[in-house]
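Chemist: Below is a structure I'd like to ask you about.
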Amino acid sequence: MTFTAQILTLYPEMFPGPLGISLAGRALDEGKWSCNPIQMRDFATDKHKSVDDTPAGGGSGMVLRADVMASAVDHALAQQPDAPVLAMTPRGKTLTQARVREISSGPGATILCGRFEGFDERIFDARPIEEVSIGDYILSGGEMGALVLLDACIRLLPGVMGASSSGDDES
């Protein structure tokens with residue numbers, strides 16, 4: 001079984017990025033995991049491929065549109081129905097090593113990378129999405145968080161580390 005990472009992003013060229021070298025890169029080359037970045041703009045319906053709008057409930061800034069995100073998530077779920085859908089957001093539940101172990105033991109993950117002021121909240125009511133945070137700080141988008149999450153998972157995949165016990169102790 002290959003661990004498959006689907007990443008919904010406005011910047012697919014960021015992937016695999018640093019995960020294409022070193023330990024994770026070797027595992028990618030060996031087929032122990034696969035990287036499938038998906039351009040969210042492909043699911044926009046207007047001629048400008050708009051993905052952002054003002055928040056439905058008001059507030060400052062722009063958010064990723066719920067309709068575009070729903071179409072993108074539905075596409076990803078059709079490709080990988082058994083993988084968890086994770087949204088990288090600073091207000092999500094903090095990622096733990098225990099959760100990383102759960103994710104890495106499955107078929108993969110679909111990761112939503114937020115931008116702007118985040119996601120239109122309606123997407124969380126309409127789809128089975130788990131909000132995940134890598135810490136109590138704000139980044140420009142979810143891509144860096146997705147790289148962190150994937151790095152933590154990939155190193156735990158069978159055959160990636162020379163000694164499987166290396167994943168037992170944290171450094």
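Residue numbering restarts at 1 for every chain of the structure tokens, chains are lettered A, B, ... in their displayed order, and ligands are numbered from 1 as they appear.
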If you count only C-alpha atoms, which residues fall within 6 Å of A:Ala109, apart from same-chain ones fewer than 4 positions away, as an mmCIF file with N, CA and C atoms, in the first residue's frame?
Modeler:
data_model
loop_
_atom_site.group_PDB
_atom_site.id
_atom_site.type_symbol
_atom_site.label_atom_id
_atom_site.label_comp_id
_atom_site.auth_asym_id
_atom_site.auth_seq_id
_atom_site.Cartn_x
_atom_site.Cartn_y
_atom_site.Cartn_z
ATOM 1 N N ALA A 5 -0.617 11.330 -0.640
ATOM 2 C CA ALA A 5 -0.880 12.678 -0.150
ATOM 3 C C ALA A 5 -1.513 13.485 -1.271
ATOM 4 N N ALA A 83 -9.266 8.218 3.015
ATOM 5 C CA ALA A 83 -8.249 9.075 3.633
ATOM 6 C C ALA A 83 -8.915 10.223 4.382
ATOM 7 N N PRO A 84 -8.354 10.609 5.527
ATOM 8 C CA PRO A 84 -8.913 11.761 6.234
ATOM 9 C C PRO A 84 -8.677 13.038 5.435
#
Chemist: List every residue of stretch 90-137 of chain A that has an atom at most 10 Å from any atom of stretch 69-80 of chain A, and for each one report the closest atom pair and its distance in Å to one decimal, counting only C-alpha atoms, with rows sorted by chain and then by increasing residue number, as CSV.
Modeler:
residue,atom,partner,partner_atom,distance
A:Pro107,CA,A:Gln80,CA,8.2
A:Gly108,CA,A:Gln80,CA,8.2
A:Ala109,CA,A:Gln80,CA,8.3
A:Thr110,CA,A:Ala76,CA,6.9
A:Ile111,CA,A:Val73,CA,9.4
A:Leu112,CA,A:Val73,CA,8.3
A:Phe119,CA,A:Met69,CA,8.4
A:Asp120,CA,A:Met69,CA,8.7
A:Arg122,CA,A:Ala70,CA,9.4
A:Ile123,CA,A:Ala70,CA,6.5
A:Phe124,CA,A:Ala70,CA,9.5
A:Ala126,CA,A:Ala70,CA,7.8
A:Arg127,CA,A:Ala70,CA,7.3
A:Pro128,CA,A:Val73,CA,9.3
A:Ile129,CA,A:Val73,CA,9.0
Chemist: For N, CA and C atoms, I'd like the residues from the last selection saved as an mmCIF file, in the first residue's frame.
Modeler:
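Listing of part.cif after writing:
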data_model
loop_
_atom_site.group_PDB
_atom_site.id
_atom_site.type_symbol
_atom_site.label_atom_id
_atom_site.label_comp_id
_atom_site.auth_asym_id
_atom_site.auth_seq_id
_atom_site.Cartn_x
_atom_site.Cartn_y
_atom_site.Cartn_z
ATOM 1 N N PRO A 107 -4.239 5.046 4.524
ATOM 2 C CA PRO A 107 -3.939 5.074 3.094
ATOM 3 C C PRO A 107 -3.332 6.389 2.613
ATOM 4 N N GLY A 108 -3.349 7.408 3.472
ATOM 5 C CA GLY A 108 -2.835 8.713 3.088
ATOM 6 C C GLY A 108 -3.680 9.799 3.705
ATOM 7 N N ALA A 109 -3.605 10.982 3.112
ATOM 8 C CA ALA A 109 -4.369 12.117 3.618
ATOM 9 C C ALA A 109 -4.641 13.089 2.486
ATOM 10 N N THR A 110 -5.768 13.761 2.591
ATOM 11 C CA THR A 110 -6.075 14.889 1.728
ATOM 12 C C THR A 110 -5.922 16.123 2.595
ATOM 13 N N ILE A 111 -5.085 17.054 2.156
ATOM 14 C CA ILE A 111 -4.754 18.220 2.962
ATOM 15 C C ILE A 111 -5.195 19.486 2.236
ATOM 16 N N LEU A 112 -5.989 20.300 2.920
ATOM 17 C CA LEU A 112 -6.441 21.576 2.384
ATOM 18 C C LEU A 112 -5.535 22.672 2.918
ATOM 19 N N PHE A 119 -10.753 29.742 5.498
ATOM 20 C CA PHE A 119 -11.826 29.074 4.768
ATOM 21 C C PHE A 119 -13.177 29.666 5.121
ATOM 22 N N ASP A 120 -14.091 29.666 4.156
ATOM 23 C CA ASP A 120 -15.490 29.970 4.448
ATOM 24 C C ASP A 120 -15.961 28.857 5.383
ATOM 25 N N ARG A 122 -18.640 27.542 6.131
ATOM 26 C CA ARG A 122 -19.672 26.614 5.675
ATOM 27 C C ARG A 122 -19.079 25.306 5.162
ATOM 28 N N ILE A 123 -17.823 25.317 4.721
ATOM 29 C CA ILE A 123 -17.211 24.080 4.214
ATOM 30 C C ILE A 123 -17.076 23.054 5.340
ATOM 31 N N PHE A 124 -16.844 23.516 6.559
ATOM 32 C CA PHE A 124 -16.684 22.591 7.684
ATOM 33 C C PHE A 124 -18.015 21.984 8.121
ATOM 34 N N ALA A 126 -20.354 21.330 5.860
ATOM 35 C CA ALA A 126 -20.840 20.558 4.716
ATOM 36 C C ALA A 126 -20.002 19.327 4.365
ATOM 37 N N ARG A 127 -18.779 19.255 4.842
ATOM 38 C CA ARG A 127 -17.891 18.146 4.472
ATOM 39 C C ARG A 127 -17.159 17.627 5.703
ATOM 40 N N PRO A 128 -16.729 16.354 5.662
ATOM 41 C CA PRO A 128 -16.014 15.761 6.809
ATOM 42 C C PRO A 128 -14.552 16.201 6.831
ATOM 43 N N ILE A 129 -14.309 17.361 7.412
ATOM 44 C CA ILE A 129 -12.970 17.952 7.421
ATOM 45 C C ILE A 129 -12.515 18.163 8.858
#
Chemist: From stretch 3-164 of chain A, collect each residue whose DSSP state is strand (DSSP E) and return the set as a PDB file with N, CA and C atoms, in the first residue's frame.
Modeler:
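File produced: selection-v6.pdb:
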ATOM      1  N   PHE A   3       1.192   5.231   0.636  1.00  0.00           N
ATOM      2  CA  PHE A   3       0.586   6.367   1.322  1.00  0.00           C
ATOM      3  C   PHE A   3       0.454   7.484   0.286  1.00  0.00           C
ATOM      4  N   THR A   4      -0.770   7.960   0.066  1.00  0.00           N
ATOM      5  CA  THR A   4      -1.011   8.983  -0.953  1.00  0.00           C
ATOM      6  C   THR A   4      -1.378  10.305  -0.303  1.00  0.00           C
ATOM      7  N   ALA A   5      -0.617  11.330  -0.640  1.00  0.00           N
ATOM      8  CA  ALA A   5      -0.880  12.678  -0.150  1.00  0.00           C
ATOM      9  C   ALA A   5      -1.513  13.485  -1.271  1.00  0.00           C
ATOM     10  N   GLN A   6      -2.760  13.892  -1.062  1.00  0.00           N
ATOM     11  CA  GLN A   6      -3.423  14.824  -1.976  1.00  0.00           C
ATOM     12  C   GLN A   6      -3.400  16.179  -1.285  1.00  0.00           C
ATOM     13  N   ILE A   7      -2.896  17.188  -1.964  1.00  0.00           N
ATOM     14  CA  ILE A   7      -2.787  18.507  -1.365  1.00  0.00           C
ATOM     15  C   ILE A   7      -3.574  19.492  -2.207  1.00  0.00           C
ATOM     16  N   LEU A   8      -4.656  20.036  -1.645  1.00  0.00           N
ATOM     17  CA  LEU A   8      -5.460  21.050  -2.322  1.00  0.00           C
ATOM     18  C   LEU A   8      -4.847  22.404  -1.999  1.00  0.00           C
ATOM     19  N   THR A   9      -4.340  23.090  -3.026  1.00  0.00           N
ATOM     20  CA  THR A   9      -3.553  24.294  -2.828  1.00  0.00           C
ATOM     21  C   THR A   9      -3.669  25.240  -4.011  1.00  0.00           C
ATOM     22  N   TRP A  33       5.415   6.426  -0.952  1.00  0.00           N
ATOM     23  CA  TRP A  33       4.353   7.420  -0.832  1.00  0.00           C
ATOM     24  C   TRP A  33       4.256   8.141  -2.169  1.00  0.00           C
ATOM     25  N   SER A  34       3.116   8.763  -2.402  1.00  0.00           N
ATOM     26  CA  SER A  34       2.941   9.543  -3.624  1.00  0.00           C
ATOM     27  C   SER A  34       2.409  10.923  -3.269  1.00  0.00           C
ATOM     28  N   CYS A  35       2.736  11.873  -4.121  1.00  0.00           N
ATOM     29  CA  CYS A  35       2.380  13.272  -3.899  1.00  0.00           C
ATOM     30  C   CYS A  35       1.509  13.739  -5.052  1.00  0.00           C
ATOM     31  N   ASN A  36       0.281  14.169  -4.728  1.00  0.00           N
ATOM     32  CA  ASN A  36      -0.657  14.614  -5.738  1.00  0.00           C
ATOM     33  C   ASN A  36      -1.171  16.011  -5.394  1.00  0.00           C
ATOM     34  N   PRO A  37      -0.414  17.061  -5.777  1.00  0.00           N
ATOM     35  CA  PRO A  37      -0.928  18.414  -5.547  1.00  0.00           C
ATOM     36  C   PRO A  37      -2.057  18.727  -6.518  1.00  0.00           C
ATOM     37  N   ILE A  38      -3.111  19.338  -6.007  1.00  0.00           N
ATOM     38  CA  ILE A  38      -4.298  19.643  -6.804  1.00  0.00           C
ATOM     39  C   ILE A  38      -4.548  21.147  -6.750  1.00  0.00           C
ATOM     40  N   GLN A  39      -4.621  21.773  -7.912  1.00  0.00           N
ATOM     41  CA  GLN A  39      -4.857  23.207  -8.013  1.00  0.00           C
ATOM     42  C   GLN A  39      -6.331  23.506  -7.704  1.00  0.00           C
ATOM     43  N   ASP A  52     -11.740  33.175  -4.016  1.00  0.00           N
ATOM     44  CA  ASP A  52     -11.943  33.908  -2.774  1.00  0.00           C
ATOM     45  C   ASP A  52     -13.166  34.806  -2.845  1.00  0.00           C
ATOM     46  N   ASP A  53     -13.680  35.119  -1.661  1.00  0.00           N
ATOM     47  CA  ASP A  53     -14.836  35.993  -1.543  1.00  0.00           C
ATOM     48  C   ASP A  53     -14.834  36.561  -0.127  1.00  0.00           C
ATOM     49  N   VAL A  63     -11.921  35.014   2.171  1.00  0.00           N
ATOM     50  CA  VAL A  63     -11.815  33.603   2.544  1.00  0.00           C
ATOM     51  C   VAL A  63     -11.928  32.748   1.286  1.00  0.00           C
ATOM     52  N   LEU A  64     -11.461  31.517   1.374  1.00  0.00           N
ATOM     53  CA  LEU A  64     -11.629  30.565   0.275  1.00  0.00           C
ATOM     54  C   LEU A  64     -13.099  30.195   0.181  1.00  0.00           C
ATOM     55  N   VAL A  85      -9.613  13.979   5.558  1.00  0.00           N
ATOM     56  CA  VAL A  85      -9.464  15.298   4.944  1.00  0.00           C
ATOM     57  C   VAL A  85      -9.088  16.258   6.064  1.00  0.00           C
ATOM     58  N   LEU A  86      -7.922  16.862   5.929  1.00  0.00           N
ATOM     59  CA  LEU A  86      -7.368  17.711   6.967  1.00  0.00           C
ATOM     60  C   LEU A  86      -7.199  19.127   6.436  1.00  0.00           C
ATOM     61  N   ALA A  87      -7.684  20.118   7.159  1.00  0.00           N
ATOM     62  CA  ALA A  87      -7.509  21.512   6.782  1.00  0.00           C
ATOM     63  C   ALA A  87      -6.455  22.130   7.692  1.00  0.00           C
ATOM     64  N   MET A  88      -5.411  22.666   7.098  1.00  0.00           N
ATOM     65  CA  MET A  88      -4.367  23.312   7.876  1.00  0.00           C
ATOM     66  C   MET A  88      -4.855  24.712   8.248  1.00  0.00           C
ATOM     67  N   THR A  89      -5.060  24.915   9.550  1.00  0.00           N
ATOM     68  CA  THR A  89      -5.576  26.185  10.035  1.00  0.00           C
ATOM     69  C   THR A  89      -5.048  26.436  11.450  1.00  0.00           C
ATOM     70  N   PRO A  90      -4.684  27.668  11.785  1.00  0.00           N
ATOM     71  CA  PRO A  90      -4.099  27.929  13.100  1.00  0.00           C
ATOM     72  C   PRO A  90      -5.052  27.681  14.272  1.00  0.00           C
ATOM     73  N   ARG A  91      -6.340  27.606  14.011  1.00  0.00           N
ATOM     74  CA  ARG A  91      -7.267  27.382  15.119  1.00  0.00           C
ATOM     75  C   ARG A  91      -7.702  25.929  15.241  1.00  0.00           C
ATOM     76  N   GLY A  92      -7.119  25.056  14.435  1.00  0.00           N
ATOM     77  CA  GLY A  92      -7.449  23.640  14.510  1.00  0.00           C
ATOM     78  C   GLY A  92      -6.831  22.983  15.727  1.00  0.00           C
ATOM     79  N   LYS A  93      -7.128  21.727  15.888  1.00  0.00           N
ATOM     80  CA  LYS A  93      -6.546  20.944  16.986  1.00  0.00           C
ATOM     81  C   LYS A  93      -5.055  20.759  16.701  1.00  0.00           C
ATOM     82  N   THR A  94      -4.232  20.970  17.709  1.00  0.00           N
ATOM     83  CA  THR A  94      -2.789  20.886  17.533  1.00  0.00           C
ATOM     84  C   THR A  94      -2.372  19.469  17.149  1.00  0.00           C
ATOM     85  N   GLY A 108      -3.349   7.408   3.472  1.00  0.00           N
ATOM     86  CA  GLY A 108      -2.835   8.713   3.088  1.00  0.00           C
ATOM     87  C   GLY A 108      -3.680   9.799   3.705  1.00  0.00           C
ATOM     88  N   ALA A 109      -3.605  10.982   3.112  1.00  0.00           N
ATOM     89  CA  ALA A 109      -4.369  12.117   3.618  1.00  0.00           C
ATOM     90  C   ALA A 109      -4.641  13.089   2.486  1.00  0.00           C
ATOM     91  N   THR A 110      -5.768  13.761   2.591  1.00  0.00           N
ATOM     92  CA  THR A 110      -6.075  14.889   1.728  1.00  0.00           C
ATOM     93  C   THR A 110      -5.922  16.123   2.595  1.00  0.00           C
ATOM     94  N   ILE A 111      -5.085  17.054   2.156  1.00  0.00           N
ATOM     95  CA  ILE A 111      -4.754  18.220   2.962  1.00  0.00           C
ATOM     96  C   ILE A 111      -5.195  19.486   2.236  1.00  0.00           C
ATOM     97  N   LEU A 112      -5.989  20.300   2.920  1.00  0.00           N
ATOM     98  CA  LEU A 112      -6.441  21.576   2.384  1.00  0.00           C
ATOM     99  C   LEU A 112      -5.535  22.672   2.918  1.00  0.00           C
ATOM    100  N   CYS A 113      -4.983  23.444   2.015  1.00  0.00           N
ATOM    101  CA  CYS A 113      -4.092  24.537   2.398  1.00  0.00           C
ATOM    102  C   CYS A 113      -4.833  25.860   2.301  1.00  0.00           C
ATOM    103  N   ILE A 129     -14.309  17.361   7.412  1.00  0.00           N
ATOM    104  CA  ILE A 129     -12.970  17.952   7.421  1.00  0.00           C
ATOM    105  C   ILE A 129     -12.515  18.163   8.858  1.00  0.00           C
ATOM    106  N   GLU A 130     -11.302  17.717   9.128  1.00  0.00           N
ATOM    107  CA  GLU A 130     -10.687  17.895  10.445  1.00  0.00           C
ATOM    108  C   GLU A 130      -9.737  19.088  10.368  1.00  0.00           C
ATOM    109  N   GLU A 131      -9.933  20.067  11.232  1.00  0.00           N
ATOM    110  CA  GLU A 131      -9.039  21.223  11.271  1.00  0.00           C
ATOM    111  C   GLU A 131      -7.810  20.871  12.105  1.00  0.00           C
ATOM    112  N   VAL A 132      -6.624  21.123  11.535  1.00  0.00           N
ATOM    113  CA  VAL A 132      -5.362  20.759  12.165  1.00  0.00           C
ATOM    114  C   VAL A 132      -4.453  21.990  12.211  1.00  0.00           C
ATOM    115  N   SER A 133      -3.769  22.163  13.330  1.00  0.00           N
ATOM    116  CA  SER A 133      -2.804  23.248  13.501  1.00  0.00           C
ATOM    117  C   SER A 133      -1.438  22.664  13.825  1.00  0.00           C
TER     118      SER A 133
END
Chemist: For a test of reading the model, state the distance in Å between atom CA of A:Leu150 and atom CA of A:Lys32, rounded to one decimal.
Modeler: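 Interatomic distance, atom CA of A:Leu150 to atom CA of A:Lys32: 12.8 Å.
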Chemist: Could you pull out the alpha helix (DSSP H) residues of stretch 6-154 of chain A from DSSP and send them as a PyMOL selection string?
Modeler: chain A and resi 22-29+66-79+97-104+122-126+143-154
Chemist: Determine, counting only C-alpha atoms, which protein, DNA and RNA residues have an atom within 10 Å of an atom of stretch 26-30 of chain A; residues of the same chain fewer than 2 positions away are not included. Present the result as JSON, numbers by chain.
Modeler: {"A": [2, 3, 16, 19, 20, 21, 22, 23, 24, 32, 33, 34, 35, 154, 155, 157, 158, 159, 160, 161]}
Chemist: Keeping only N, CA and C atoms, write the selected residues to a file as a PDB file, in the first residue's frame.
Modeler:
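Done, and the output landed in out29.pdb:
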ATOM      1  N   THR A   2       0.595   2.155  -0.879  1.00  0.00           N
ATOM      2  CA  THR A   2       1.322   3.421  -0.953  1.00  0.00           C
ATOM      3  C   THR A   2       0.528   4.494  -0.226  1.00  0.00           C
ATOM      4  N   PHE A   3       1.192   5.231   0.636  1.00  0.00           N
ATOM      5  CA  PHE A   3       0.586   6.367   1.322  1.00  0.00           C
ATOM      6  C   PHE A   3       0.454   7.484   0.286  1.00  0.00           C
ATOM      7  N   PRO A  16       6.516  18.334  -4.429  1.00  0.00           N
ATOM      8  CA  PRO A  16       6.864  17.900  -3.087  1.00  0.00           C
ATOM      9  C   PRO A  16       7.832  18.829  -2.365  1.00  0.00           C
ATOM     10  N   LEU A  19      10.210  17.790   0.434  1.00  0.00           N
ATOM     11  CA  LEU A  19       9.911  16.366   0.611  1.00  0.00           C
ATOM     12  C   LEU A  19      10.365  15.550  -0.594  1.00  0.00           C
ATOM     13  N   GLY A  20      10.905  16.206  -1.597  1.00  0.00           N
ATOM     14  CA  GLY A  20      11.433  15.513  -2.768  1.00  0.00           C
ATOM     15  C   GLY A  20      12.908  15.179  -2.646  1.00  0.00           C
ATOM     16  N   ILE A  21      13.510  15.502  -1.507  1.00  0.00           N
ATOM     17  CA  ILE A  21      14.915  15.203  -1.283  1.00  0.00           C
ATOM     18  C   ILE A  21      15.078  14.435   0.024  1.00  0.00           C
ATOM     19  N   SER A  22      16.280  13.995   0.280  1.00  0.00           N
ATOM     20  CA  SER A  22      16.637  13.311   1.519  1.00  0.00           C
ATOM     21  C   SER A  22      15.788  12.049   1.726  1.00  0.00           C
ATOM     22  N   LEU A  23      15.457  11.763   2.964  1.00  0.00           N
ATOM     23  CA  LEU A  23      14.726  10.545   3.326  1.00  0.00           C
ATOM     24  C   LEU A  23      13.368  10.462   2.632  1.00  0.00           C
ATOM     25  N   ALA A  24      12.604  11.537   2.700  1.00  0.00           N
ATOM     26  CA  ALA A  24      11.274  11.558   2.081  1.00  0.00           C
ATOM     27  C   ALA A  24      11.379  11.460   0.565  1.00  0.00           C
ATOM     28  N   LYS A  32       7.047   4.533  -1.906  1.00  0.00           N
ATOM     29  CA  LYS A  32       6.477   4.294  -0.579  1.00  0.00           C
ATOM     30  C   LYS A  32       5.391   5.313  -0.244  1.00  0.00           C
ATOM     31  N   TRP A  33       5.415   6.426  -0.952  1.00  0.00           N
ATOM     32  CA  TRP A  33       4.353   7.420  -0.832  1.00  0.00           C
ATOM     33  C   TRP A  33       4.256   8.141  -2.169  1.00  0.00           C
ATOM     34  N   SER A  34       3.116   8.763  -2.402  1.00  0.00           N
ATOM     35  CA  SER A  34       2.941   9.543  -3.624  1.00  0.00           C
ATOM     36  C   SER A  34       2.409  10.923  -3.269  1.00  0.00           C
ATOM     37  N   CYS A  35       2.736  11.873  -4.121  1.00  0.00           N
ATOM     38  CA  CYS A  35       2.380  13.272  -3.899  1.00  0.00           C
ATOM     39  C   CYS A  35       1.509  13.739  -5.052  1.00  0.00           C
ATOM     40  N   ILE A 154       5.593  10.701   6.727  1.00  0.00           N
ATOM     41  CA  ILE A 154       6.423   9.914   5.806  1.00  0.00           C
ATOM     42  C   ILE A 154       7.522   9.160   6.530  1.00  0.00           C
ATOM     43  N   ARG A 155       8.141   9.790   7.498  1.00  0.00           N
ATOM     44  CA  ARG A 155       9.245   9.123   8.203  1.00  0.00           C
ATOM     45  C   ARG A 155       8.782   7.873   8.954  1.00  0.00           C
ATOM     46  N   LEU A 157       6.460   5.741   7.741  1.00  0.00           N
ATOM     47  CA  LEU A 157       6.000   4.701   6.819  1.00  0.00           C
ATOM     48  C   LEU A 157       6.964   3.522   6.830  1.00  0.00           C
ATOM     49  N   PRO A 158       6.449   2.305   6.679  1.00  0.00           N
ATOM     50  CA  PRO A 158       7.316   1.124   6.682  1.00  0.00           C
ATOM     51  C   PRO A 158       8.423   1.229   5.627  1.00  0.00           C
ATOM     52  N   GLY A 159       9.649   0.968   6.069  1.00  0.00           N
ATOM     53  CA  GLY A 159      10.787   0.946   5.162  1.00  0.00           C
ATOM     54  C   GLY A 159      11.409   2.288   4.854  1.00  0.00           C
ATOM     55  N   VAL A 160      10.873   3.368   5.424  1.00  0.00           N
ATOM     56  CA  VAL A 160      11.436   4.694   5.126  1.00  0.00           C
ATOM     57  C   VAL A 160      12.693   4.938   5.950  1.00  0.00           C
ATOM     58  N   MET A 161      12.625   4.690   7.244  1.00  0.00           N
ATOM     59  CA  MET A 161      13.809   4.850   8.092  1.00  0.00           C
ATOM     60  C   MET A 161      14.586   3.551   8.118  1.00  0.00           C
TER      61      MET A 161
END
Chemist: Calculated over only C-alpha atoms, which of the candidates A:Gly162, A:Asp67, A:Gly61, A:Gly31 has the smallest distance to A:Thr45?
Modeler: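 Residue with the minimum atom-to-atom distance to A:Thr45: A:Asp67.
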